[in-house]
Amino acid sequence: NAGVMQNPRHLVRRRGQEARLRCSPMKGHSHVYWYRQLPEEGLKFMVYLQKENIIDESGMPKERFSAEFPKEGPSILRIQQVVRGDSAAYFCASSPLGPGQGNTEAFFGQGTRLTVV
Amino acid sequence: ILNVEQSPQSLHVQEGDSTNFTCSFPSSNFYALHWYRWETAKSPEALFVMTLNGDEKKKGRISATLNTKEGYSYLYIKGSQPEDSATYLCAYYTDKLIFGTGTRLQVFP
């Protein structure tokens, strides 16, 4: 059973371009979380998704950022018209169950480091 | 706004020393408290998932306690080793998983 797979591991984009970050959860996991790690900071919650549904996007900037988790395929975090301040490491985590359904750990991918030049 | 606070921010100890750090979280709408270990250039890995007030969990030299009524958890490392050097994150699980900023532990030989 492969772990959580994120790609690419490193992504360089020029200001104004789009960044697409992919996360394939562990097999059987239908809950996906995206986090952003800024330099010298911890993991900041961005969005929580289940298959085909956004459950909580309270940590996502209102503009330029969007996320999806389609029925088939990986979860995608999309950042449009990137700016230098978007440079960070983006981590995704998956779990088989959500809050209140059982308490299991989240499994993390190795992250995508986005650099905006 | 849900605040998960961890202290200290960083800690330097000698090999063989025992150490502990704290995680504070809101005591309302509690489902679970997670502890993760995050080594440089790797992804966070779960140490413990704790749900009940008074829970104590142990894995080797590492143990954790939980007080949901007052909203805190302690992580203890007995006889620290250089390989324990990592950032230790706690996460409060309510309707989503909210992380503290972590305690960065460095163990010197």
# chains A, B, ... in the order shown; residues from 1 in each chain; ligands from 1
call {"tool": "residues_around", "arguments": {"residues": "Glu63 of chain A", "least_positions_apart": "5", "cutoff": "10 Å", "atoms": "only C-alpha atoms", "output": "list in words"}}
result
Ile79, Gln80 and Gln81 of chain A
call {"tool": "write_last_selection", "arguments": {"atoms": "N, CA and C atoms", "output": "PDB file, in the first residue's frame"}}
result
ATOM      1  N   ILE A  79      -3.369  27.093  -7.602  1.00  0.00           N
ATOM      2  CA  ILE A  79      -3.094  28.490  -7.249  1.00  0.00           C
ATOM      3  C   ILE A  79      -2.941  29.261  -8.554  1.00  0.00           C
ATOM      4  N   GLN A  80      -3.837  30.177  -8.786  1.00  0.00           N
ATOM      5  CA  GLN A  80      -3.785  30.970 -10.017  1.00  0.00           C
ATOM      6  C   GLN A  80      -2.999  32.251  -9.777  1.00  0.00           C
ATOM      7  N   GLN A  81      -2.366  32.735 -10.837  1.00  0.00           N
ATOM      8  CA  GLN A  81      -1.640  34.013 -10.803  1.00  0.00           C
ATOM      9  C   GLN A  81      -0.749  34.113  -9.570  1.00  0.00           C
TER      10      GLN A  81
END
call {"tool": "interface_residues", "arguments": {"of": "chain B", "to": "chain A", "cutoff": "6 Å", "atoms": "only C-alpha atoms", "output": "list in words"}}
result
Ser43, Asp95 and Thr101 of chain B
call {"tool": "write_last_selection", "arguments": {"atoms": "all heavy atoms", "output": "compact mmCIF listing (two decimals), in the first residue's frame"}}
result
# COMPACT_ATOMS: atom_id res chain seq x y z
N SER B 43 8.20 13.54 6.01
CA SER B 43 6.83 13.99 6.30
C SER B 43 6.48 13.63 7.74
O SER B 43 7.05 12.71 8.31
CB SER B 43 5.85 13.37 5.31
OG SER B 43 6.07 12.00 5.17
N ASP B 95 -13.60 19.46 13.94
CA ASP B 95 -14.18 19.14 12.63
C ASP B 95 -13.09 19.13 11.56
O ASP B 95 -13.36 18.90 10.39
CB ASP B 95 -15.28 20.12 12.25
CG ASP B 95 -14.82 21.56 12.31
OD1 ASP B 95 -13.72 21.82 12.84
OD2 ASP B 95 -15.56 22.44 11.83
N THR B 101 2.39 24.90 16.33
CA THR B 101 3.59 25.25 15.55
C THR B 101 4.76 24.33 15.86
O THR B 101 5.78 24.39 15.20
CB THR B 101 4.02 26.70 15.80
OG1 THR B 101 4.08 26.92 17.20
CG2 THR B 101 3.04 27.67 15.17
call {"tool": "residues_around", "arguments": {"residues": "Ala88 of chain A", "least_positions_apart": "3", "cutoff": "6 Å", "atoms": "only C-alpha atoms", "output": "NGL selection string"}}
result
:A and (37-38 or 113-114)
call {"tool": "write_last_selection", "arguments": {"atoms": "all heavy atoms", "output": "compact mmCIF listing (two decimals), in the first residue's frame"}}
result
# COMPACT_ATOMS: atom_id res chain seq x y z
N GLN A 37 3.03 25.26 4.79
CA GLN A 37 4.07 25.56 5.76
C GLN A 37 4.89 26.72 5.22
O GLN A 37 5.60 26.58 4.23
CB GLN A 37 4.98 24.36 6.01
CG GLN A 37 6.02 24.64 7.08
CD GLN A 37 7.17 23.67 7.05
OE1 GLN A 37 7.45 23.05 6.04
NE2 GLN A 37 7.85 23.54 8.18
N LEU A 38 4.79 27.86 5.89
CA LEU A 38 5.61 29.01 5.53
C LEU A 38 6.92 28.91 6.31
O LEU A 38 6.98 28.26 7.36
CB LEU A 38 4.88 30.31 5.86
CG LEU A 38 3.63 30.56 4.99
CD1 LEU A 38 2.79 31.68 5.57
CD2 LEU A 38 4.04 30.87 3.57
N ARG A 113 7.28 21.68 -2.70
CA ARG A 113 7.88 22.99 -2.42
C ARG A 113 7.68 23.89 -3.62
O ARG A 113 8.22 23.62 -4.68
CB ARG A 113 9.37 22.85 -2.12
CG ARG A 113 9.60 22.16 -0.84
CD ARG A 113 10.97 22.33 -0.23
NE ARG A 113 11.02 21.50 0.96
CZ ARG A 113 10.56 21.86 2.14
NH1 ARG A 113 10.04 23.07 2.30
NH2 ARG A 113 10.59 21.05 3.17
N LEU A 114 6.87 24.90 -3.44
CA LEU A 114 6.60 25.86 -4.51
C LEU A 114 7.49 27.07 -4.34
O LEU A 114 7.54 27.66 -3.26
CB LEU A 114 5.12 26.28 -4.47
CG LEU A 114 4.73 27.42 -5.42
CD1 LEU A 114 4.85 26.98 -6.87
CD2 LEU A 114 3.31 27.90 -5.12
call {"tool": "residues_around", "arguments": {"residues": "Pro82 of chain B", "least_positions_apart": "4", "cutoff": "10 Å", "atoms": "only C-alpha atoms", "output": "list of chain:residue names"}}
result
B:Val13, B:Gln14, B:Glu15, B:Gly16, B:Ala86, B:Leu105, B:Gln106, B:Val107, B:Phe108, B:Pro109
call {"tool": "atom_distance", "arguments": {"atom1": "atom CA of Ile54 of chain A", "atom2": "atom CA of Lys42 of chain B"}}
result
27.3 Å
call {"tool": "residues_around", "arguments": {"residues": "Thr19 of chain B", "least_positions_apart": "3", "cutoff": "7 Å", "atoms": "only C-alpha atoms", "output": "list in words"}}
result
Tyr76, Ile77 and Lys78 of chain B
call {"tool": "write_last_selection", "arguments": {"atoms": "N, CA, C and O atoms", "output": "PDB file, in the first residue's frame"}}
result
ATOM      1  N   TYR B  76       6.419  13.221  26.758  1.00  0.00           N
ATOM      2  CA  TYR B  76       7.637  12.987  27.526  1.00  0.00           C
ATOM      3  C   TYR B  76       8.588  12.108  26.714  1.00  0.00           C
ATOM      4  O   TYR B  76       8.160  11.149  26.078  1.00  0.00           O
ATOM      5  N   ILE B  77       9.861  12.429  26.758  1.00  0.00           N
ATOM      6  CA  ILE B  77      10.880  11.557  26.177  1.00  0.00           C
ATOM      7  C   ILE B  77      11.883  11.243  27.276  1.00  0.00           C
ATOM      8  O   ILE B  77      12.511  12.141  27.843  1.00  0.00           O
ATOM      9  N   LYS B  78      12.026   9.959  27.538  1.00  0.00           N
ATOM     10  CA  LYS B  78      12.929   9.514  28.600  1.00  0.00           C
ATOM     11  C   LYS B  78      14.276   9.143  27.986  1.00  0.00           C
ATOM     12  O   LYS B  78      14.338   8.426  26.989  1.00  0.00           O
TER      13      LYS B  78
END
call {"tool": "residues_around", "arguments": {"residues": "Ser24 of chain A", "least_positions_apart": "6", "cutoff": "10 Å", "atoms": "only C-alpha atoms", "output": "mmCIF file with N, CA and C atoms, in the first residue's frame"}}
result
data_model
loop_
_atom_site.group_PDB
_atom_site.id
_atom_site.type_symbol
_atom_site.label_atom_id
_atom_site.label_comp_id
_atom_site.auth_asym_id
_atom_site.auth_seq_id
_atom_site.Cartn_x
_atom_site.Cartn_y
_atom_site.Cartn_z
ATOM 1 N N ALA A 2 0.912 1.916 -1.134
ATOM 2 C CA ALA A 2 1.750 3.098 -1.226
ATOM 3 C C ALA A 2 1.228 4.148 -0.271
ATOM 4 N N GLY A 3 2.121 4.989 0.183
ATOM 5 C CA GLY A 3 1.729 6.076 1.066
ATOM 6 C C GLY A 3 1.066 7.186 0.287
ATOM 7 N N VAL A 4 0.898 8.337 0.947
ATOM 8 C CA VAL A 4 0.328 9.503 0.289
ATOM 9 C C VAL A 4 1.362 10.045 -0.693
ATOM 10 N N MET A 5 0.962 10.212 -1.914
ATOM 11 C CA MET A 5 1.896 10.654 -2.953
ATOM 12 C C MET A 5 1.561 12.072 -3.376
ATOM 13 N N GLN A 6 2.568 12.919 -3.306
ATOM 14 C CA GLN A 6 2.394 14.276 -3.783
ATOM 15 C C GLN A 6 3.342 14.524 -4.936
ATOM 16 N N ASN A 7 2.840 15.224 -5.936
ATOM 17 C CA ASN A 7 3.748 15.641 -7.015
ATOM 18 C C ASN A 7 3.300 16.944 -7.622
ATOM 19 N N VAL A 32 -9.163 14.101 2.720
ATOM 20 C CA VAL A 32 -7.898 14.740 2.360
ATOM 21 C C VAL A 32 -7.831 16.130 2.973
ATOM 22 N N PHE A 69 -11.343 17.412 -5.104
ATOM 23 C CA PHE A 69 -11.032 16.008 -4.877
ATOM 24 C C PHE A 69 -12.089 15.232 -5.656
ATOM 25 N N GLY A 73 -9.204 10.013 -9.439
ATOM 26 C CA GLY A 73 -7.994 10.812 -9.573
ATOM 27 C C GLY A 73 -7.603 11.520 -8.302
ATOM 28 N N PRO A 74 -6.472 12.234 -8.375
ATOM 29 C CA PRO A 74 -5.923 12.848 -7.180
ATOM 30 C C PRO A 74 -6.673 14.105 -6.767
ATOM 31 N N SER A 75 -6.397 14.552 -5.559
ATOM 32 C CA SER A 75 -6.852 15.868 -5.134
ATOM 33 C C SER A 75 -5.899 16.903 -5.733
ATOM 34 N N ILE A 76 -6.454 18.023 -6.149
ATOM 35 C CA ILE A 76 -5.649 19.082 -6.771
ATOM 36 C C ILE A 76 -5.809 20.363 -5.963
ATOM 37 N N CYS A 92 -0.106 17.532 1.907
ATOM 38 C CA CYS A 92 -1.428 16.972 2.003
ATOM 39 C C CYS A 92 -1.378 15.754 2.909
ATOM 40 N N ALA A 93 -2.495 15.481 3.541
ATOM 41 C CA ALA A 93 -2.623 14.329 4.427
ATOM 42 C C ALA A 93 -3.947 13.652 4.124
ATOM 43 N N SER A 94 -3.995 12.346 4.342
ATOM 44 C CA SER A 94 -5.249 11.627 4.125
ATOM 45 C C SER A 94 -5.549 10.745 5.325
ATOM 46 N N GLY A 109 1.862 13.205 2.939
ATOM 47 C CA GLY A 109 2.774 13.131 1.816
ATOM 48 C C GLY A 109 4.048 13.889 2.139
#
call {"tool": "closest_residue", "arguments": {"among": "B:Thr94, B:Ser80, B:Tyr88, B:Phe48", "to": "Ser10 of chain B", "atoms": "only C-alpha atoms"}}
result
B:Tyr88
call {"tool": "select_by_dssp", "arguments": {"residues": "segment 16-84 of chain B", "states": "strand (DSSP E or B)", "output": "MDAnalysis selection string"}}
result
chainID B and resid 19:24 32:38 45:50 56:59 62:67 72:77
call {"tool": "closest_residue", "arguments": {"among": "B:Asn3, B:Thr40, B:Thr87, B:Gln9", "to": "Pro26 of chain B", "atoms": "only C-alpha atoms"}}
result
B:Asn3
